[in-house]
Amino acid sequence: MNITIDTKHFEKFQKILQDLYKQTNGKCEKMIERTAIKIESRAKYFCPVDTGRLRASITHEISNDRLSAIIGTNVEYAPFVELGTSKMEAQPYLRPAFIEVIANIAEEYKK
């Protein structure tokens, strides 16, 4: 008994899946970039200012796979401002920015 399989349709299906991945991946990359920029912007808005160093240092970085982002600062006292200390009240700026942007993300990306 011989079985013959026409691979023409499999190859076509594989190409469709590859094209779909490329389209979706591009959209995900753009969505992640836009979201990171919004969180960075809102964090700068919420950030308390004395000298402006902390606010100016808030940046975002997209991962190598372009599917995640890091929003933050390299200023050594940033965690103390965000979380507070035993002698200083917290002045959160990153968490409120993240919560605000993520809370609105579903509605925004339905458009």
# chains A, B, ... in the order shown; residues from 1 in each chain; ligands from 1
call {"tool": "residues_around", "arguments": {"residues": "Glu108 in chain A", "least_positions_apart": "6", "cutoff": "12 Å", "atoms": "only C-alpha atoms", "output": "PyMOL selection string"}}
result
chain A and resi 31+34-35+38+101-102
call {"tool": "write_last_selection", "arguments": {"atoms": "N, CA and C atoms", "output": "mmCIF file, in the first residue's frame"}}
result
data_model
loop_
_atom_site.group_PDB
_atom_site.id
_atom_site.type_symbol
_atom_site.label_atom_id
_atom_site.label_comp_id
_atom_site.auth_asym_id
_atom_site.auth_seq_id
_atom_site.Cartn_x
_atom_site.Cartn_y
_atom_site.Cartn_z
ATOM 1 N N MET A 31 3.739 47.631 20.065
ATOM 2 C CA MET A 31 2.923 47.806 21.258
ATOM 3 C C MET A 31 3.808 47.908 22.502
ATOM 4 N N ARG A 34 5.612 51.335 22.446
ATOM 5 C CA ARG A 34 4.692 52.429 22.800
ATOM 6 C C ARG A 34 4.340 52.400 24.282
ATOM 7 N N THR A 35 4.105 51.204 24.806
ATOM 8 C CA THR A 35 3.758 51.070 26.221
ATOM 9 C C THR A 35 4.919 51.506 27.103
ATOM 10 N N LYS A 38 5.133 55.236 27.145
ATOM 11 C CA LYS A 38 4.071 55.822 27.973
ATOM 12 C C LYS A 38 4.376 55.680 29.457
ATOM 13 N N VAL A 101 -0.851 53.079 33.170
ATOM 14 C CA VAL A 101 -0.738 52.713 31.753
ATOM 15 C C VAL A 101 -1.322 51.326 31.508
ATOM 16 N N ILE A 102 -1.002 50.370 32.359
ATOM 17 C CA ILE A 102 -1.492 49.005 32.169
ATOM 18 C C ILE A 102 -3.008 48.939 32.330
#
call {"tool": "select_by_dssp", "arguments": {"residues": "chain A", "states": "helix (DSSP H, G or I)", "output": "VMD selection string"}}
result
chain A and resid 8 to 46 53 to 57 78 to 83 94 to 110
call {"tool": "residues_around", "arguments": {"residues": "Val49 in chain A", "least_positions_apart": "4", "cutoff": "12 Å", "atoms": "only C-alpha atoms", "output": "count of residues only"}}
result
12
call {"tool": "atom_distance", "arguments": {"atom1": "CA of Thr59 in chain A", "atom2": "CA of Thr24 in chain A"}}
result
25.8 Å
call {"tool": "select_by_dssp", "arguments": {"residues": "range 30-97 of chain A", "states": "strand (DSSP E or B)", "output": "PyMOL selection string"}}
result
chain A and resi 59-62+69-72
call {"tool": "residues_around", "arguments": {"residues": "range 70-73 of chain A", "least_positions_apart": "5", "cutoff": "7 Å", "atoms": "only C-alpha atoms", "output": "MDAnalysis selection string"}}
result
chainID A and resid 36 40 57:62
call {"tool": "write_last_selection", "arguments": {"atoms": "C-alpha atoms", "output": "short mmCIF file (atom, residue, chain, number, x, y, z; two decimals), in the first residue's frame"}}
result
data_model
loop_
_atom_site.label_atom_id
_atom_site.label_comp_id
_atom_site.auth_asym_id
_atom_site.auth_seq_id
_atom_site.Cartn_x
_atom_site.Cartn_y
_atom_site.Cartn_z
CA ALA A 36 7.31 51.50 27.53
CA GLU A 40 8.44 56.30 31.09
CA SER A 57 17.46 59.65 34.43
CA ILE A 58 14.22 57.71 33.86
CA THR A 59 14.55 55.75 30.62
CA HIS A 60 13.29 52.62 28.92
CA GLU A 61 15.18 49.83 27.20
CA ILE A 62 13.69 47.21 24.89
#
call {"tool": "atom_distance", "arguments": {"atom1": "CA of Lys27 in chain A", "atom2": "CA of Ser41 in chain A"}}
result
21.0 Å
call {"tool": "closest_residue", "arguments": {"among": "A:Cys47, A:Ile39, A:Ala97, A:Cys28", "to": "Asp65 in chain A", "atoms": "only C-alpha atoms"}}
result
A:Cys28
